[in-house]
Amino acid sequence: MHAFEYANPTTLKDALALLGNRWGDADVLAGGTDILSLMKDEVYVSKRLVNIKNIKELGGISMSRGALRIGAGATLEQLIENAEIRKSFPSLAAAARGVASPQIRNIGTVGGDLCQRPRCWYYRGGNGLLAKGANGRPLVPNGENKYHAIFGHEGGAYFVSPSSLGPALVALDAKIKLASASGTREVEAAKFFVAPASDTARETALLPNEIVTEILVPAGMRNATYEVREKQALDWPLATASVALQMKGNSVASAKVVLGHVAPTPWLAAAAGQALSGKSLSDSTIAEAADAAVQGAKPLSQNKYKVQLARVAVKRALTEIARGRA
Amino acid sequence: MPNYNWPPQGQRRLMGKRLSRLDGIEKASGYAKYASDLNPPNLLHGALLTAPHAHCRVTSIDVSEAKAMQGVTSVRVIAPAGTEIQWRGAEVAAVSATSETIALDALKKIKVQYEVLPHLVKEEDLKKAGPRAKAAGEQLTGDPDQGFKEADVVVEGYYGIPVITHCCLEPHGQVVEWKSDAVNMFPSTQNVTGIGGDLAKALELPATQVRVQMNHIGGGFGSKFVSDRWGIEAAHMSKESGGRPVKLFLDRETELTIAGVRPSCFGKVKLGAKKDGTITTWESDTWATGGHGGGGSPPIPYVFTNIPNQRKAHSAVSINAGGVRAWRAPNHQQACFMTDCALEDLAAKLNMDPLDVFAKNADLTPRPEVYRNQLRQAAELMDWKKKWHPRGQSGSGTLKRGLGVAIHTWQGGGHDSKAICRINPDGTVEVELGSQDLGTGTRTAIAIVAAETLGLPLNAIRVKIGDNQYPPSGASGGSTTIGGVSASTRKASVNSLEKLFAAVAPSLGAQADQLEAVDGRIQVKGQASKNLTWKAACNKLGATSIAEMGENERRNPGSLISAGVGGVQMAEVEVDTETGIVRMIKSVAVQDCGTVVNLKTAESQVYGGCIMSIAAALLEERVMDEQTGRVLNPDMEFYKLSGIGDIGEIVVKMNMEKEYDDRGVIGLGEPAAIGLNAAIGNAVANAIGVRVSNAPFTPDRVLAALEGRTA
Ligand SMILES: Cc1cc2nc3c(=O)[nH]c(=O)nc-3n(C[C@H](O)[C@H](O)[C@H](O)COP(=O)(O)OP(=O)(O)OC[C@H]3O[C@@H](n4cnc5c(N)ncnc54)[C@H](O)[C@@H]3O)c2cc1C
C-alpha cells in the first residue's frame, strides 16, 4: 500500500476544498470497506483520503414532502433499521439486507455502496478496469466470465455494477445530489451510472471534486427487490431485479424493471416495464414481463445461466408485489 | 507388564462423555495466541517476492536497491538468474525489515527480469493437456470385457471434482529467530516434533539447536508439515539481522496460490451389474492434476474394492499451478465421488433405491456388516424410507428435494508417540508430549485419558504439548494423532500410577497391585474405606516427582488403538429448478472411530468434516485463468466457503456400540470429510432427475444439466 495523506474534515465545505480535479489526487473515504481494500492491493492509489464520516450533514434518513431523503453517510444498517424504509421502500431494505455481513453493513455507507468499484476478478487482479491482457485484448470474453455481464458490454466494460442499491434507486426514480466547491447538482439515478469506455474513466457520473451528499427517493410506488444468491453468507448476487410500479387501482400505470449484477450499470429493462403498463399483475403478465426483461441479452461463453437468473429475479420481484408481500 | 487396557465401557467416568474442550474459552474469547499473533520485542517483518508468471525463467535479479533501503535488514535471493519457475506465486526473493510497510516497499525495489514461457493451467480438457498428461499403465482385474457382456445393465457416467485449496484461516508462516547457534521457531504447524529437525537440516544445524513451540494453530488440513521455503528464509534473515526475530506469514493471495491444493479428478466410469444391483464390473478412465508434479491417483473403485472385474486407466496432468499437499483424507474425496456417484446412477437406471444397491454391494467392501449397520442407522436418522423417491419424481413444484448417500473409509492408526506423566509430591499432574492440537481437541483428549486413568477430575491434569523439548510425538496427519497420544498417555499414566501405588502401599497396609485410583483417592480394591486422598498419597513421595514414560509404536500398536473405519453420510437437498440453486436441508453422518475418547469433540470433527464437504460440493473451486496463468479467486470473496446459513441441519451419530468400542481408539478427522460431497451430488441427481457431472453444483452447472435433459 502506498502512503497517503489522511484528512478528517467536519464540514462539507472543508471536505470539498480538500478534493482535487483528478482521481487519485484525493478521494473520499466513507466506510472504507471498498477503497481501502483496493489501496492495500495497489489496484488503486490515492495521495489523499478525505474522511467524510464526521460530517454530520451527510448523515440521517428522513421523509419530507413525499420524498425520502437518505444522507450519503447513512450506513446500510441504518437503512434496514429505518421503519419508513421497511414499510414504503422494501426494495431498498431488501437490497441492503443482501449485504450479509453485519460488519460491512455497520460501517459501509449508502454513498460508498453507490460509488464502490467493480469486483471483476481481472480488474481486482490488476488488469485494469476494462480487463485487458498484455496484448491489449480484452480478457473477459475468452476467460473466466461466469460472473460477468450479459448486457451492455458492447463498449468493452464486461464487469457488472456491484451496487445492490443502484438498481433499486433507478427503479424508484431516485435523484442523487452531488456537491462540489462550486455548487451542487442533481443527477437522476439512471444517469448516475455509466459504462466506462476507457480504463481511466469511471462507472459513475461523479467527478473527482464532488461528493454525493444525499439521495432523494419519491414515495408512492409499489416496489420490491429479488436477489439470486448461491450462498447465504456474505457473497455477491448472481443477478437481481428491482421493480417499482405506479399503480392505478388494480392495474399498473407505469413500471420500471431494473436488473442488477448483469451489466456494467444497473440495467433498465424498458421492454419489461412497457409489457406491464396498463395491465394487472397475473402469472401470465408477470411471465411476459420477465421474458421481455432479458430480451436482447448477450451472454458470454460461461454466463448464459445469468439470463435465466435475471428472468427469474424479475418474475419473483413482481410476484412479491402481486402477493402483497412488498 | 501392567494392564494398559481401557477400563470397561460401563466403568468410564470421562472417556466417551461429552466434555467441552479445555481451551474453548481461551479461543472463543480471543485470548489464545496463535503463531501469527506473536509480536516479540525487536520483531522484524518478512515478505516474499513471488513470480508473476505461470511459467518463466529468471534472466536477471538485482536486489541492490532493496538492500540499500533504510530499515531493510536482509534481502535473500531464492530464485537466482537461470531458475525456471513452474507456477505463478513461486518464491523469488525474500526481505526482512523493521516494519511490514518497509518490507513490502523493498520488494518493489527488487528488479527481476523474466523470460516468459508457455504455460498450461487447466486440466479438465484432457485434449489440451497433450504430452503433459502422463498415463499410468492400465490396471486389470478379472475379465471386464466378459463382465460387461454378461451384465444385465451397464451405466456410464462422466464425473468431475475440481482442484480446491486448504484455505487455512491462519495462513502458513512463522516467527523465527536465529541467535548465535540456536534457532527458536514459532510456526503454524501440524508437526511440532518433526519440523525442528526439518528446519535444522535445511539450515545445516544439529537438530538439538532448533527449539519449536506452538500453542494453537488456525487450520492445517494436511498442508502444514514442513518448514517450507518461507520458514527457512525467515531463519536466514533473522541470522543476517543479528538474531532479531522475523515474522513471515503468507498473505491470503499467496496462501491460496502456493500453499497447497487438493488434486482434481475427472473421468468416465462404467459399471456393469446384475438385475438385483450386484456390481460385477468396473471400468474407469480418469485424470487429475495436483500441480506441476502431476496429480494423485484416487483409490477407485472406492470402498467397493472387491468388484470382481476391473479395468482402470489414469493420467496425471502436470500444470503450471501451485502444487498438491495432503488435503483432509488425500485422494479419498475424489475416489468416493467417482465411485459413489456411479453407484447412484446405477441405482437410478435399475429403478432401485440406492440404499438397497449400497447395502447389497457392501459384500464387495472390507466391512460388510459395519456398512450395512451404518446404512440402516443413517437411513433412520434421515427418515430415508419415508422421504426417498425415485430419481426425478420430486413433484411438479419449482423446489425439488432429493436424497443421496455415500460411504467411506480411512485407516487412521496411531502414530509414534511418547508421553511423560509426571506426578508431583503436591498432587499436581502434568502430561508432556511433543504433540499439537490442530483444533481437534487433542489437548482435551490427553487430559481425559490421564484423568480417567488416575481417577482424577479433568482439571487436575496439566497438559503440556506444543514444544519439541517434550517427548517426541508424531505429526498430526492421516488421523493418527488421537490413537498415538491416547495410547502413549494411557501407558505413561498407568506407569506413573504404578509407581505411586508402590510408594503408598505400605502406609495402606496393602500390596501395590491391590490398589486402585478412584474419585481422587488411592484405595484398596474391595476395601474402599482403606484409602488416602490423592494429595495425601502424593505427599508420601517426599521430594521427588514420579515421571514415567509411555510409548505408542506405530508398528506395534497393542490393544489400546486400532485402524480402519467406516462411515456413511447422507444428504437431503432442495434444488430451486428455476435458479439452479442447491440448498442443504439436512446431512446425516454415521461414523465409526472405535473407542470414543471425547464424544463432544468427536462429533465436532464430524460436523467440521460435513461443513467442509458442503463447501466443496456447493461452492469451492480454484478458478485458473488460462490467459494470465493466474488464480482468479485467491481471496475469501470469490473462493467461496459456506457460512452458517449455507449448511442446513447436520445430524451426527458416533458408533459407540460394544463391537466398535472394543476395537480401541481410531482417528476420525479425515473420514468425516469424505462422503458428503458425493452424497450431495447424488441428492441433486435424485432431486432434479439428471446428473450434474461436475462439483461444485453451482447454478450454472445445475441449469445446464436441467436444460440438457429437456433439450
Ligand atoms: C464479500 C463482499 C460482498 C459484498 N456484497 C455486496 C452486495 O451484495 N451488494 C452490495 O451493494 N455491496 C456488497 N458489498 C460491498 C459493500 O456494500 C461496499 O463495500 C460498501 O457499501 C462500500 O461502502 P463504504 O462506505 O465502505 O465505501 P468506501 O470504501 O469508503 O468507498 C467506496 C468508494 O466510494 C467513494 N465514496 C464513498 N462515499 C462517497 C460519497 N459520499 N461521495 C463520493 N464518493 C464516495 C469512495 O471514494 C470510494 O471510491 C460486498 C462486499 C464484500 C467484501
# chains A, B, ... in the order shown; residues from 1 in each chain; ligands from 1
$ closest_atom_pairs --of "stretch 103-202 of chain B" --to "stretch 417-440 of chain B" --cutoff "10 Å" --atoms "only C-alpha atoms" --output "Markdown table"
| residue | atom | partner | partner_atom | distance |
| --- | --- | --- | --- | --- |
| B:Ser188 | CA | B:Leu438 | CA | 9.7 |
| B:Thr189 | CA | B:Gln436 | CA | 8.3 |
| B:Gln190 | CA | B:Gln436 | CA | 6.7 |
| B:Asn191 | CA | B:Gln436 | CA | 7.2 |
| B:Val192 | CA | B:Ser435 | CA | 6.2 |
| B:Thr193 | CA | B:Gly434 | CA | 5.4 |
| B:Gly194 | CA | B:Gly434 | CA | 9.1 |
$ closest_atom_pairs --of "chain A" --to "ligand 1" --cutoff "6 Å" --atoms "only C-alpha atoms and all ligand atoms" --output "JSON lines"
{"residue": "A:Asp27", "atom": "CA", "partner": "ligand 1", "partner_atom_place_in_ligand_line": "47 (O)", "distance": 4.8}
{"residue": "A:Val28", "atom": "CA", "partner": "ligand 1", "partner_atom_place_in_ligand_line": "47 (O)", "distance": 3.8}
{"residue": "A:Leu29", "atom": "CA", "partner": "ligand 1", "partner_atom_place_in_ligand_line": "30 (O)", "distance": 4.3}
{"residue": "A:Ala30", "atom": "CA", "partner": "ligand 1", "partner_atom_place_in_ligand_line": "30 (O)", "distance": 3.4}
{"residue": "A:Gly31", "atom": "CA", "partner": "ligand 1", "partner_atom_place_in_ligand_line": "26 (O)", "distance": 3.3}
{"residue": "A:Gly32", "atom": "CA", "partner": "ligand 1", "partner_atom_place_in_ligand_line": "30 (O)", "distance": 3.2}
{"residue": "A:Thr33", "atom": "CA", "partner": "ligand 1", "partner_atom_place_in_ligand_line": "26 (O)", "distance": 3.7}
{"residue": "A:Asp34", "atom": "CA", "partner": "ligand 1", "partner_atom_place_in_ligand_line": "29 (O)", "distance": 3.4}
{"residue": "A:Ile35", "atom": "CA", "partner": "ligand 1", "partner_atom_place_in_ligand_line": "29 (O)", "distance": 3.9}
{"residue": "A:Ala72", "atom": "CA", "partner": "ligand 1", "partner_atom_place_in_ligand_line": "41 (N)", "distance": 5.0}
{"residue": "A:Gly98", "atom": "CA", "partner": "ligand 1", "partner_atom_place_in_ligand_line": "8 (O)", "distance": 5.4}
{"residue": "A:Val99", "atom": "CA", "partner": "ligand 1", "partner_atom_place_in_ligand_line": "7 (C)", "distance": 4.5}
{"residue": "A:Gly108", "atom": "CA", "partner": "ligand 1", "partner_atom_place_in_ligand_line": "26 (O)", "distance": 3.7}
{"residue": "A:Thr109", "atom": "CA", "partner": "ligand 1", "partner_atom_place_in_ligand_line": "25 (O)", "distance": 3.7}
{"residue": "A:Gly111", "atom": "CA", "partner": "ligand 1", "partner_atom_place_in_ligand_line": "38 (N)", "distance": 4.2}
{"residue": "A:Gly112", "atom": "CA", "partner": "ligand 1", "partner_atom_place_in_ligand_line": "27 (O)", "distance": 3.4}
{"residue": "A:Asp113", "atom": "CA", "partner": "ligand 1", "partner_atom_place_in_ligand_line": "21 (O)", "distance": 3.4}
{"residue": "A:Cys115", "atom": "CA", "partner": "ligand 1", "partner_atom_place_in_ligand_line": "34 (O)", "distance": 3.9}
{"residue": "A:Gln116", "atom": "CA", "partner": "ligand 1", "partner_atom_place_in_ligand_line": "33 (C)", "distance": 4.1}
{"residue": "A:Pro162", "atom": "CA", "partner": "ligand 1", "partner_atom_place_in_ligand_line": "11 (O)", "distance": 5.7}
{"residue": "A:Ser163", "atom": "CA", "partner": "ligand 1", "partner_atom_place_in_ligand_line": "11 (O)", "distance": 3.7}
{"residue": "A:Ser164", "atom": "CA", "partner": "ligand 1", "partner_atom_place_in_ligand_line": "11 (O)", "distance": 3.7}
{"residue": "A:Leu165", "atom": "CA", "partner": "ligand 1", "partner_atom_place_in_ligand_line": "11 (O)", "distance": 5.8}
{"residue": "A:Ile211", "atom": "CA", "partner": "ligand 1", "partner_atom_place_in_ligand_line": "42 (N)", "distance": 3.7}
{"residue": "A:Val212", "atom": "CA", "partner": "ligand 1", "partner_atom_place_in_ligand_line": "42 (N)", "distance": 3.7}
{"residue": "A:Thr213", "atom": "CA", "partner": "ligand 1", "partner_atom_place_in_ligand_line": "41 (N)", "distance": 5.7}
{"residue": "A:Leu234", "atom": "CA", "partner": "ligand 1", "partner_atom_place_in_ligand_line": "3 (C)", "distance": 5.3}
{"residue": "A:Asp235", "atom": "CA", "partner": "ligand 1", "partner_atom_place_in_ligand_line": "3 (C)", "distance": 4.4}
{"residue": "A:Trp236", "atom": "CA", "partner": "ligand 1", "partner_atom_place_in_ligand_line": "8 (O)", "distance": 4.3}
{"residue": "A:Pro237", "atom": "CA", "partner": "ligand 1", "partner_atom_place_in_ligand_line": "8 (O)", "distance": 5.5}
$ write_last_selection --atoms "N, CA and C atoms" --output "mmCIF file, in the first residue's frame"
data_model
loop_
_atom_site.group_PDB
_atom_site.id
_atom_site.type_symbol
_atom_site.label_atom_id
_atom_site.label_comp_id
_atom_site.auth_asym_id
_atom_site.auth_seq_id
_atom_site.Cartn_x
_atom_site.Cartn_y
_atom_site.Cartn_z
ATOM 1 N N ASP A 27 -9.331 11.366 -2.678
ATOM 2 C CA ASP A 27 -10.541 10.559 -2.809
ATOM 3 C C ASP A 27 -11.310 10.572 -1.508
ATOM 4 N N VAL A 28 -12.602 10.377 -1.659
ATOM 5 C CA VAL A 28 -13.474 10.326 -0.485
ATOM 6 C C VAL A 28 -13.296 8.982 0.221
ATOM 7 N N LEU A 29 -13.203 9.046 1.539
ATOM 8 C CA LEU A 29 -13.189 7.837 2.357
ATOM 9 C C LEU A 29 -14.457 7.838 3.202
ATOM 10 N N ALA A 30 -15.324 6.855 2.946
ATOM 11 C CA ALA A 30 -16.518 6.734 3.795
ATOM 12 C C ALA A 30 -16.257 5.573 4.751
ATOM 13 N N GLY A 31 -16.994 4.467 4.616
ATOM 14 C CA GLY A 31 -16.725 3.320 5.498
ATOM 15 C C GLY A 31 -15.362 2.698 5.235
ATOM 16 N N GLY A 32 -14.874 2.889 4.033
ATOM 17 C CA GLY A 32 -13.555 2.355 3.688
ATOM 18 C C GLY A 32 -13.545 0.877 3.355
ATOM 19 N N THR A 33 -14.708 0.243 3.354
ATOM 20 C CA THR A 33 -14.714 -1.211 3.144
ATOM 21 C C THR A 33 -14.287 -1.583 1.730
ATOM 22 N N ASP A 34 -14.437 -0.661 0.807
ATOM 23 C CA ASP A 34 -14.000 -0.964 -0.556
ATOM 24 C C ASP A 34 -12.685 -0.275 -0.879
ATOM 25 N N ILE A 35 -12.638 1.040 -0.654
ATOM 26 C CA ILE A 35 -11.466 1.762 -1.146
ATOM 27 C C ILE A 35 -10.192 1.316 -0.447
ATOM 28 N N ALA A 72 -25.903 10.506 2.328
ATOM 29 C CA ALA A 72 -24.931 9.592 1.714
ATOM 30 C C ALA A 72 -24.099 8.871 2.760
ATOM 31 N N GLY A 98 -29.202 -7.798 1.694
ATOM 32 C CA GLY A 98 -28.425 -8.785 0.945
ATOM 33 C C GLY A 98 -26.936 -8.718 1.230
ATOM 34 N N VAL A 99 -26.450 -7.570 1.666
ATOM 35 C CA VAL A 99 -25.031 -7.478 2.046
ATOM 36 C C VAL A 99 -24.924 -8.180 3.396
ATOM 37 N N GLY A 108 -20.251 0.274 6.233
ATOM 38 C CA GLY A 108 -20.405 0.649 4.828
ATOM 39 C C GLY A 108 -21.558 1.634 4.673
ATOM 40 N N THR A 109 -21.389 2.622 3.814
ATOM 41 C CA THR A 109 -22.380 3.687 3.669
ATOM 42 C C THR A 109 -23.141 3.573 2.349
ATOM 43 N N GLY A 111 -23.571 6.075 0.216
ATOM 44 C CA GLY A 111 -22.739 6.712 -0.814
ATOM 45 C C GLY A 111 -21.648 5.770 -1.295
ATOM 46 N N GLY A 112 -21.039 5.073 -0.346
ATOM 47 C CA GLY A 112 -19.971 4.122 -0.698
ATOM 48 C C GLY A 112 -20.500 2.971 -1.521
ATOM 49 N N ASP A 113 -21.707 2.531 -1.199
ATOM 50 C CA ASP A 113 -22.286 1.433 -1.965
ATOM 51 C C ASP A 113 -22.497 1.847 -3.424
ATOM 52 N N CYS A 115 -20.843 4.194 -5.061
ATOM 53 C CA CYS A 115 -19.592 4.557 -5.753
ATOM 54 C C CYS A 115 -18.537 3.458 -5.699
ATOM 55 N N GLN A 116 -18.852 2.334 -5.069
ATOM 56 C CA GLN A 116 -17.851 1.261 -4.972
ATOM 57 C C GLN A 116 -17.452 0.787 -6.358
ATOM 58 N N PRO A 162 -21.507 -3.315 -9.130
ATOM 59 C CA PRO A 162 -21.616 -4.086 -7.891
ATOM 60 C C PRO A 162 -22.709 -3.611 -6.942
ATOM 61 N N SER A 163 -23.156 -2.390 -7.106
ATOM 62 C CA SER A 163 -24.065 -1.827 -6.109
ATOM 63 C C SER A 163 -25.437 -2.487 -6.143
ATOM 64 N N SER A 164 -25.878 -2.967 -4.999
ATOM 65 C CA SER A 164 -27.232 -3.527 -4.924
ATOM 66 C C SER A 164 -28.268 -2.429 -4.774
ATOM 67 N N LEU A 165 -27.857 -1.281 -4.215
ATOM 68 C CA LEU A 165 -28.808 -0.182 -4.063
ATOM 69 C C LEU A 165 -29.095 0.468 -5.414
ATOM 70 N N ILE A 211 -18.783 15.267 -4.066
ATOM 71 C CA ILE A 211 -19.198 14.326 -3.025
ATOM 72 C C ILE A 211 -20.692 14.065 -3.212
ATOM 73 N N VAL A 212 -21.097 12.816 -3.102
ATOM 74 C CA VAL A 212 -22.519 12.501 -3.068
ATOM 75 C C VAL A 212 -23.002 12.938 -1.698
ATOM 76 N N THR A 213 -23.994 13.819 -1.663
ATOM 77 C CA THR A 213 -24.447 14.300 -0.355
ATOM 78 C C THR A 213 -25.711 13.602 0.104
ATOM 79 N N LEU A 234 -22.059 -13.942 3.427
ATOM 80 C CA LEU A 234 -21.628 -12.818 2.593
ATOM 81 C C LEU A 234 -21.131 -13.251 1.206
ATOM 82 N N ASP A 235 -21.737 -12.694 0.202
ATOM 83 C CA ASP A 235 -21.419 -13.071 -1.168
ATOM 84 C C ASP A 235 -22.089 -12.052 -2.083
ATOM 85 N N TRP A 236 -21.747 -12.103 -3.344
ATOM 86 C CA TRP A 236 -22.385 -11.224 -4.314
ATOM 87 C C TRP A 236 -23.564 -11.915 -4.959
ATOM 88 N N PRO A 237 -24.613 -11.169 -5.277
ATOM 89 C CA PRO A 237 -25.710 -11.805 -6.001
ATOM 90 C C PRO A 237 -25.257 -12.173 -7.416
#
$ residues_around --residues "A:Phe193" --least-positions-apart "2" --cutoff "9 Å" --atoms "only C-alpha atoms" --output "short mmCIF file (atom, residue, chain, number, x, y, z; two decimals) with N, CA, C and O atoms, in the first residue's frame"
data_model
loop_
_atom_site.label_atom_id
_atom_site.label_comp_id
_atom_site.auth_asym_id
_atom_site.auth_seq_id
_atom_site.Cartn_x
_atom_site.Cartn_y
_atom_site.Cartn_z
N LEU A 114 -22.92 3.10 -3.63
CA LEU A 114 -23.19 3.57 -5.00
C LEU A 114 -21.89 3.78 -5.78
O LEU A 114 -21.85 3.61 -6.99
N SER A 161 -21.99 -3.93 -12.47
CA SER A 161 -22.09 -2.89 -11.46
C SER A 161 -22.36 -3.57 -10.12
O SER A 161 -23.30 -4.35 -9.99
N GLY A 166 -28.09 0.43 -6.29
CA GLY A 166 -28.23 1.10 -7.58
C GLY A 166 -29.50 0.73 -8.33
O GLY A 166 -30.32 1.61 -8.64
N ALA A 189 -30.81 8.90 -10.87
CA ALA A 189 -30.05 7.67 -10.57
C ALA A 189 -29.71 6.94 -11.87
O ALA A 189 -28.60 6.42 -12.04
N ALA A 190 -30.64 6.94 -12.81
CA ALA A 190 -30.41 6.22 -14.07
C ALA A 190 -29.22 6.81 -14.83
O ALA A 190 -28.56 6.09 -15.59
N LYS A 191 -28.97 8.10 -14.65
CA LYS A 191 -27.86 8.70 -15.38
C LYS A 191 -26.59 8.75 -14.55
O LYS A 191 -25.53 9.12 -15.06
N ALA A 195 -21.39 3.23 -18.26
CA ALA A 195 -20.41 2.21 -18.61
C ALA A 195 -19.17 2.92 -19.12
O ALA A 195 -19.24 3.66 -20.10
N ARG A 202 -14.74 6.42 -15.30
CA ARG A 202 -15.40 5.91 -14.11
C ARG A 202 -16.74 5.28 -14.42
O ARG A 202 -17.32 5.54 -15.48
N GLU A 203 -17.28 4.58 -13.48
CA GLU A 203 -18.56 3.91 -13.66
C GLU A 203 -19.73 4.78 -13.21
O GLU A 203 -20.86 4.32 -13.21
N THR A 204 -19.42 5.99 -12.75
CA THR A 204 -20.50 6.89 -12.33
C THR A 204 -20.24 8.28 -12.90
O THR A 204 -19.14 8.58 -13.39
N ALA A 205 -21.28 9.11 -12.78
CA ALA A 205 -21.17 10.49 -13.27
C ALA A 205 -20.41 11.39 -12.29
O ALA A 205 -20.16 12.56 -12.57
N LEU A 206 -20.06 10.83 -11.15
CA LEU A 206 -19.36 11.61 -10.12
C LEU A 206 -18.04 12.15 -10.67
O LEU A 206 -17.32 11.43 -11.37
N PRO A 264 -22.68 -3.49 -16.77
CA PRO A 264 -21.78 -2.55 -16.10
C PRO A 264 -22.50 -1.41 -15.39
O PRO A 264 -21.88 -0.65 -14.65
N THR A 265 -23.80 -1.30 -15.61
CA THR A 265 -24.63 -0.34 -14.87
C THR A 265 -25.87 -1.10 -14.42
O THR A 265 -26.14 -2.19 -14.92
N PRO A 266 -26.66 -0.52 -13.50
CA PRO A 266 -27.99 -1.10 -13.29
C PRO A 266 -28.67 -1.10 -14.66
O PRO A 266 -28.55 -0.13 -15.41
#
$ interface_residues --of "chain B" --to "chain A" --cutoff "10 Å" --atoms "only C-alpha atoms" --output "PyMOL selection string"
chain B and resi 101+104-105+578-583+615+618-619+623-628+630-634+636-638+640-647+697-704
$ closest_residue --among "B:Asn655, B:Thr577, B:Gln569, B:Asn361" --to "B:Ala705" --atoms "only C-alpha atoms"
B:Thr577
$ residues_around --residues "stretch 268-274 of chain A" --least-positions-apart "6" --cutoff "8 Å" --atoms "only C-alpha atoms" --output "VMD selection string"
chain A and resid 170 to 171 254 to 259 288 to 294
$ write_last_selection --atoms "C-alpha atoms" --output "short mmCIF file (atom, residue, chain, number, x, y, z; two decimals), in the first residue's frame"
data_model
loop_
_atom_site.label_atom_id
_atom_site.label_comp_id
_atom_site.auth_asym_id
_atom_site.auth_seq_id
_atom_site.Cartn_x
_atom_site.Cartn_y
_atom_site.Cartn_z
CA VAL A 170 -33.01 3.58 -10.56
CA ALA A 171 -36.33 1.74 -10.43
CA SER A 254 -46.25 2.58 -15.26
CA ALA A 255 -43.47 0.25 -14.29
CA LYS A 256 -39.72 0.29 -14.02
CA VAL A 257 -37.89 -3.00 -14.05
CA VAL A 258 -34.17 -2.76 -13.38
CA LEU A 259 -31.77 -5.68 -13.43
CA GLU A 288 -44.33 -11.83 -20.16
CA ALA A 289 -42.54 -9.03 -18.37
CA ALA A 290 -39.84 -11.41 -17.16
CA ASP A 291 -39.27 -12.67 -20.70
CA ALA A 292 -39.22 -9.14 -22.03
CA ALA A 293 -36.67 -8.13 -19.39
CA VAL A 294 -33.99 -10.43 -20.78
#
$ atom_distance --atom1 "atom CA of B:Ala342" --atom2 "atom CA of B:Ile614"
19.4 Å
$ residues_around --residues "stretch 493-498 of chain B" --least-positions-apart "2" --cutoff "9 Å" --atoms "only C-alpha atoms" --output "VMD selection string"
chain B and resid 2 to 4 419 to 423 431 449 to 451 453 to 454 488 to 491 500 to 503 512 to 513 515 to 517 546 to 550
$ residues_around --residues "A:Ile215" --least-positions-apart "6" --cutoff "6 Å" --atoms "only C-alpha atoms" --output "MDAnalysis selection string"
chainID A and resid 69:70 175:176
$ residues_around --residues "stretch 376-392 of chain B" --least-positions-apart "4" --cutoff "8 Å" --atoms "only C-alpha atoms" --output "ChimeraX atom specification"
/B:348,351-353,372,402-403,568-570,586-590,651,685-690
$ select_by_dssp --residues "stretch 88-205 of chain A" --states "strand (DSSP E or B)" --output "list in words"
Thr109, Lys132, Pro138, Lys175, Ile176, Lys177, Leu178, Ala179, Ser180, Gly183, Thr184, Arg185, Glu186, Val187, Glu188, Phe193 and Thr204 of chain A
$ select_by_dssp --residues "stretch 51-242 of chain A" --states "alpha helix (DSSP H)" --output "ChimeraX atom specification"
/A:76-81,83-88,90-97,102-107,110-115,121-122,165-171,189-192
$ decode --residues "stretch 227-231 of chain B" --atoms "all heavy atoms" --output "PDB file, in the first residue's frame"
ATOM      1  N   SER B 227       9.025 -27.092   7.162  1.00  0.00           N
ATOM      2  CA  SER B 227       9.382 -25.711   7.489  1.00  0.00           C
ATOM      3  C   SER B 227       9.197 -24.784   6.292  1.00  0.00           C
ATOM      4  O   SER B 227       9.103 -23.580   6.465  1.00  0.00           O
ATOM      5  CB  SER B 227      10.803 -25.635   8.024  1.00  0.00           C
ATOM      6  OG  SER B 227      11.652 -26.489   7.326  1.00  0.00           O
ATOM      7  N   ASP B 228       9.141 -25.330   5.102  1.00  0.00           N
ATOM      8  CA  ASP B 228       8.845 -24.560   3.892  1.00  0.00           C
ATOM      9  C   ASP B 228       9.918 -23.514   3.597  1.00  0.00           C
ATOM     10  O   ASP B 228      10.697 -23.120   4.445  1.00  0.00           O
ATOM     11  CB  ASP B 228       7.459 -23.889   3.974  1.00  0.00           C
ATOM     12  CG  ASP B 228       6.332 -24.845   3.583  1.00  0.00           C
ATOM     13  OD1 ASP B 228       6.473 -25.498   2.529  1.00  0.00           O
ATOM     14  OD2 ASP B 228       5.349 -24.954   4.319  1.00  0.00           O
ATOM     15  N   ARG B 229       9.911 -23.110   2.344  1.00  0.00           N
ATOM     16  CA  ARG B 229      10.893 -22.125   1.872  1.00  0.00           C
ATOM     17  C   ARG B 229      10.817 -20.861   2.724  1.00  0.00           C
ATOM     18  O   ARG B 229      11.819 -20.295   3.147  1.00  0.00           O
ATOM     19  CB  ARG B 229      10.590 -21.845   0.392  1.00  0.00           C
ATOM     20  CG  ARG B 229      11.460 -20.873  -0.347  1.00  0.00           C
ATOM     21  CD  ARG B 229      12.934 -20.983  -0.076  1.00  0.00           C
ATOM     22  NE  ARG B 229      13.574 -22.176  -0.607  1.00  0.00           N
ATOM     23  CZ  ARG B 229      14.840 -22.519  -0.351  1.00  0.00           C
ATOM     24  NH1 ARG B 229      15.594 -21.784   0.448  1.00  0.00           N
ATOM     25  NH2 ARG B 229      15.349 -23.601  -0.859  1.00  0.00           N
ATOM     26  N   TRP B 230       9.591 -20.444   3.064  1.00  0.00           N
ATOM     27  CA  TRP B 230       9.452 -19.185   3.812  1.00  0.00           C
ATOM     28  C   TRP B 230       9.986 -19.316   5.240  1.00  0.00           C
ATOM     29  O   TRP B 230      10.490 -18.337   5.796  1.00  0.00           O
ATOM     30  CB  TRP B 230       8.011 -18.688   3.792  1.00  0.00           C
ATOM     31  CG  TRP B 230       6.962 -19.745   4.009  1.00  0.00           C
ATOM     32  CD1 TRP B 230       6.536 -20.215   5.202  1.00  0.00           C
ATOM     33  CD2 TRP B 230       6.232 -20.470   3.001  1.00  0.00           C
ATOM     34  NE1 TRP B 230       5.569 -21.186   5.003  1.00  0.00           N
ATOM     35  CE2 TRP B 230       5.362 -21.358   3.684  1.00  0.00           C
ATOM     36  CE3 TRP B 230       6.227 -20.455   1.602  1.00  0.00           C
ATOM     37  CZ2 TRP B 230       4.490 -22.226   3.005  1.00  0.00           C
ATOM     38  CZ3 TRP B 230       5.364 -21.314   0.941  1.00  0.00           C
ATOM     39  CH2 TRP B 230       4.508 -22.188   1.623  1.00  0.00           C
ATOM     40  N   GLY B 231       9.911 -20.517   5.799  1.00  0.00           N
ATOM     41  CA  GLY B 231      10.459 -20.713   7.147  1.00  0.00           C
ATOM     42  C   GLY B 231      11.977 -20.682   7.131  1.00  0.00           C
ATOM     43  O   GLY B 231      12.626 -20.080   7.998  1.00  0.00           O
TER      44      GLY B 231
END
